[in-house]
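J.: Please see the structure below; I have some questions.
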Amino acid sequence: MVYDWAMSGHTYETTIVISASSSRVWEILSNVEAWPSWTPTMTSVKGVDGSALEWGAKFEVRQPGLMKATYMVTDVHPGRSFTWYNEVMGITLLANHELVETSDGKTTVKLSFEMSGLFAFMVWPLVKKKIRQFVNQEAESLKAVCE
C-alpha cells in the first residue's frame with residue numbers, strides 16, 4: 001500500500017502513486033461503467049442517459065451494503081479530473097477524482113469523498129469507516145488494474 005490519507009470534518013481523502021501514465025489511468029478511471037470489473041466497492045454502475053463521462057451525466061451506482069444512488073457529474077476535465085455528487089434525504093455526497101502526472105511518468109491520484117447537508121453531522125459517524133475503506137480500496141484497485 002502506497003497512499004497518504006486525511007480525514008477532517010465530513011471529508012475523507014486519499015492519495016496514491018500509480019506507475020502508469022495519466023492517460024492510462026484516465027482511460028480506466030473515466031470508464032465508470034467498468035468499475036465493477038476492477039473494484040469490489042462497486043456492484044454496478046450504469047449510465048442513465050448513456051455512458052459518456054460528461055457534465056450533467058447521471059449514473060446509477062450500486063455498492064455493497066448501500067442503497068442504490070444516482071450520481072450526477074458536476075465537473076469534468078478530460079485526462080485530469082471529474083467530480084460527481086448524489087443528494088439523499090438532506091445529505092449531499094460529493095466524490096472527486098484527480099490525476100497529476102509526475103515528471104517520472106507516474107501518476108498521483110487523489111480521491112476524496114465529502115458529506116454535507118443538514119443531517120451530515122449525524123450520519124458521518126455511522127458511515128465514515130465504510131467510506132474510508134471504500135475510498136482506500138478504490139485507490140488500491142485502480143493502482144492494481146493500471147500497473
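Residues are referred to by chain and number: the chain letter is A, B, ... according to the order shown in the C-alpha cells, the number counts from 1 in that chain, and ligands are numbered separately from 1 in the order shown.
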Just want the 8 Å neighbourhood of His97 of chain A, counted on only C-alpha atoms, with same-chain residues fewer than 2 positions away dropped. Output as a list in words.

T.: Ser81, Phe82, Thr83, Ala95, Leu99, Val109, Lys110, Leu111 and Ser112 of chain A

J.: Give the alpha helix (DSSP H) residues of segment 11-125 of chain A, as DSSP finds them on the backbone, and put them as a compact mmCIF listing (two decimals) with C-alpha atoms, in the first residue's frame.

T.:
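The resulting file, states35.txt, is reproduced below:
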# COMPACT_ATOMS: atom_id res chain seq x y z
CA SER A 22 -2.01 9.71 -16.56
CA SER A 23 -3.56 8.86 -19.94
CA ARG A 24 -3.59 5.17 -18.99
CA VAL A 25 -5.05 5.91 -15.55
CA TRP A 26 -7.67 8.24 -17.06
CA GLU A 27 -8.65 5.59 -19.61
CA ILE A 28 -9.52 3.21 -16.75
CA LEU A 29 -10.93 5.78 -14.31
CA ALA A 120 -24.40 15.04 7.75
CA PHE A 121 -23.20 15.53 11.33
CA MET A 122 -25.50 12.69 12.45
CA VAL A 123 -24.76 10.27 9.60
CA TRP A 124 -20.99 10.81 9.24
CA PRO A 125 -20.02 8.94 12.45

J.: Using only C-alpha atoms, which residue out of A:Ser30, A:Thr41, A:Asn96, A:Thr108 lies closest to Pro78 of chain A?

T.: A:Ser30

J.: So which residues touch segment 72-77 of chain A within 7 Å, counting only C-alpha atoms, skipping near sequence neighbours fewer than 3 positions away, as JSON, numbers by chain?

T.: {"A": [54, 55, 56, 57, 58, 59, 80, 81, 82, 83, 84, 85, 86]}

J.: If you keep C-alpha atoms, can you produce a file of those selected residues as a short mmCIF file (atom, residue, chain, number, x, y, z; two decimals), in the first residue's frame?

T.:
data_model
loop_
_atom_site.label_atom_id
_atom_site.label_comp_id
_atom_site.auth_asym_id
_atom_site.auth_seq_id
_atom_site.Cartn_x
_atom_site.Cartn_y
_atom_site.Cartn_z
CA GLU A 54 -19.52 14.50 -19.24
CA TRP A 55 -21.03 17.41 -17.36
CA GLY A 56 -24.62 16.63 -16.33
CA ALA A 57 -24.35 12.88 -16.99
CA LYS A 58 -26.11 10.70 -14.43
CA PHE A 59 -25.07 7.24 -13.30
CA ARG A 80 -7.29 15.27 -15.31
CA SER A 81 -10.34 15.11 -13.05
CA PHE A 82 -14.03 14.63 -12.51
CA THR A 83 -16.48 15.21 -9.71
CA TRP A 84 -19.90 13.72 -9.19
CA TYR A 85 -22.48 14.01 -6.46
CA ASN A 86 -25.62 12.46 -5.03
#

J.: If we count only C-alpha atoms and set the cut-off at 6 Å, which residues sit around segment 60-69 of chain A, ignoring sequence neighbours fewer than 4 positions away in its own chain? Please answer as a ChimeraX atom specification.

T.: /A:41-46

J.: Give me, as a PDB file with C-alpha atoms, in the first residue's frame, all polymer residues having an atom no more than 12 Å from Ile16 of chain A, counting only C-alpha atoms and skipping those fewer than 5 positions away in the same chain.

T.:
ATOM      1  CA  MET A   1       0.000   0.000   0.000  1.00  0.00           C
ATOM      2  CA  VAL A   2       1.388   3.359  -1.026  1.00  0.00           C
ATOM      3  CA  TYR A   3      -1.072   6.057  -0.097  1.00  0.00           C
ATOM      4  CA  ASP A   4      -1.435   9.028   2.186  1.00  0.00           C
ATOM      5  CA  TRP A   5      -4.778   9.893   3.680  1.00  0.00           C
ATOM      6  CA  VAL A  25      -5.055   5.909 -15.548  1.00  0.00           C
ATOM      7  CA  HIS A  97     -11.140  12.134  -8.645  1.00  0.00           C
ATOM      8  CA  GLU A  98      -7.929  13.950  -9.641  1.00  0.00           C
ATOM      9  CA  LEU A  99      -4.860  12.875 -11.630  1.00  0.00           C
ATOM     10  CA  VAL A 100      -1.470  14.554 -11.832  1.00  0.00           C
ATOM     11  CA  GLU A 101       1.287  13.068 -13.976  1.00  0.00           C
ATOM     12  CA  LYS A 106       3.930   8.091 -12.863  1.00  0.00           C
ATOM     13  CA  THR A 107       0.529   9.428 -11.851  1.00  0.00           C
ATOM     14  CA  THR A 108      -0.545  10.775  -8.489  1.00  0.00           C
ATOM     15  CA  VAL A 109      -4.226  10.067  -7.916  1.00  0.00           C
ATOM     16  CA  LYS A 110      -6.221  11.917  -5.263  1.00  0.00           C
ATOM     17  CA  LEU A 111      -9.646  10.563  -4.362  1.00  0.00           C
ATOM     18  CA  SER A 112     -11.866  12.454  -1.952  1.00  0.00           C
ATOM     19  CA  VAL A 135     -12.049   5.044  -0.948  1.00  0.00           C
ATOM     20  CA  ASN A 136      -8.826   3.231   0.014  1.00  0.00           C
ATOM     21  CA  GLN A 137      -9.953   0.061  -1.793  1.00  0.00           C
ATOM     22  CA  GLU A 138     -10.822   2.047  -4.923  1.00  0.00           C
ATOM     23  CA  ALA A 139      -7.375   3.669  -4.902  1.00  0.00           C
ATOM     24  CA  GLU A 140      -5.602   0.345  -4.428  1.00  0.00           C
ATOM     25  CA  SER A 141      -7.763  -1.373  -7.048  1.00  0.00           C
ATOM     26  CA  LEU A 142      -7.109   1.420  -9.561  1.00  0.00           C
ATOM     27  CA  LYS A 143      -3.380   1.072  -8.944  1.00  0.00           C
ATOM     28  CA  ALA A 144      -3.551  -2.704  -9.443  1.00  0.00           C
TER      29      ALA A 144
END

J.: With only C-alpha atoms as the counted atoms, please give the residues lying no more than 8 Å from Thr92 of chain A, apart from itself and same-chain residues fewer than 4 positions off, as a list in words.

T.: Tyr85, Asn86, Glu87, Val88, Glu114, Met115, Ser116 and Gly117 of chain A

J.: Looking at only C-alpha atoms, which of A:Thr11, A:Gln133, A:Thr70, A:Ser51 is the one that sits closest to Val32 of chain A?

T.: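 For Val32 of chain A, the nearest of the given residues is A:Ser51.
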
J.: Could you tell me, as JSON, numbers by chain, which residues of chain A DSSP assigns to strand (DSSP E or B) when given the backbone?

T.: {"A": [3, 4, 5, 6, 7, 8, 11, 12, 13, 14, 15, 16, 17, 18, 44, 45, 46, 47, 58, 59, 60, 61, 62, 69, 70, 71, 72, 73, 74, 75, 76, 77, 81, 82, 83, 84, 85, 86, 87, 88, 91, 92, 93, 94, 95, 96, 97, 98, 99, 100, 101, 107, 108, 109, 110, 111, 112, 113, 114, 115, 116, 117]}
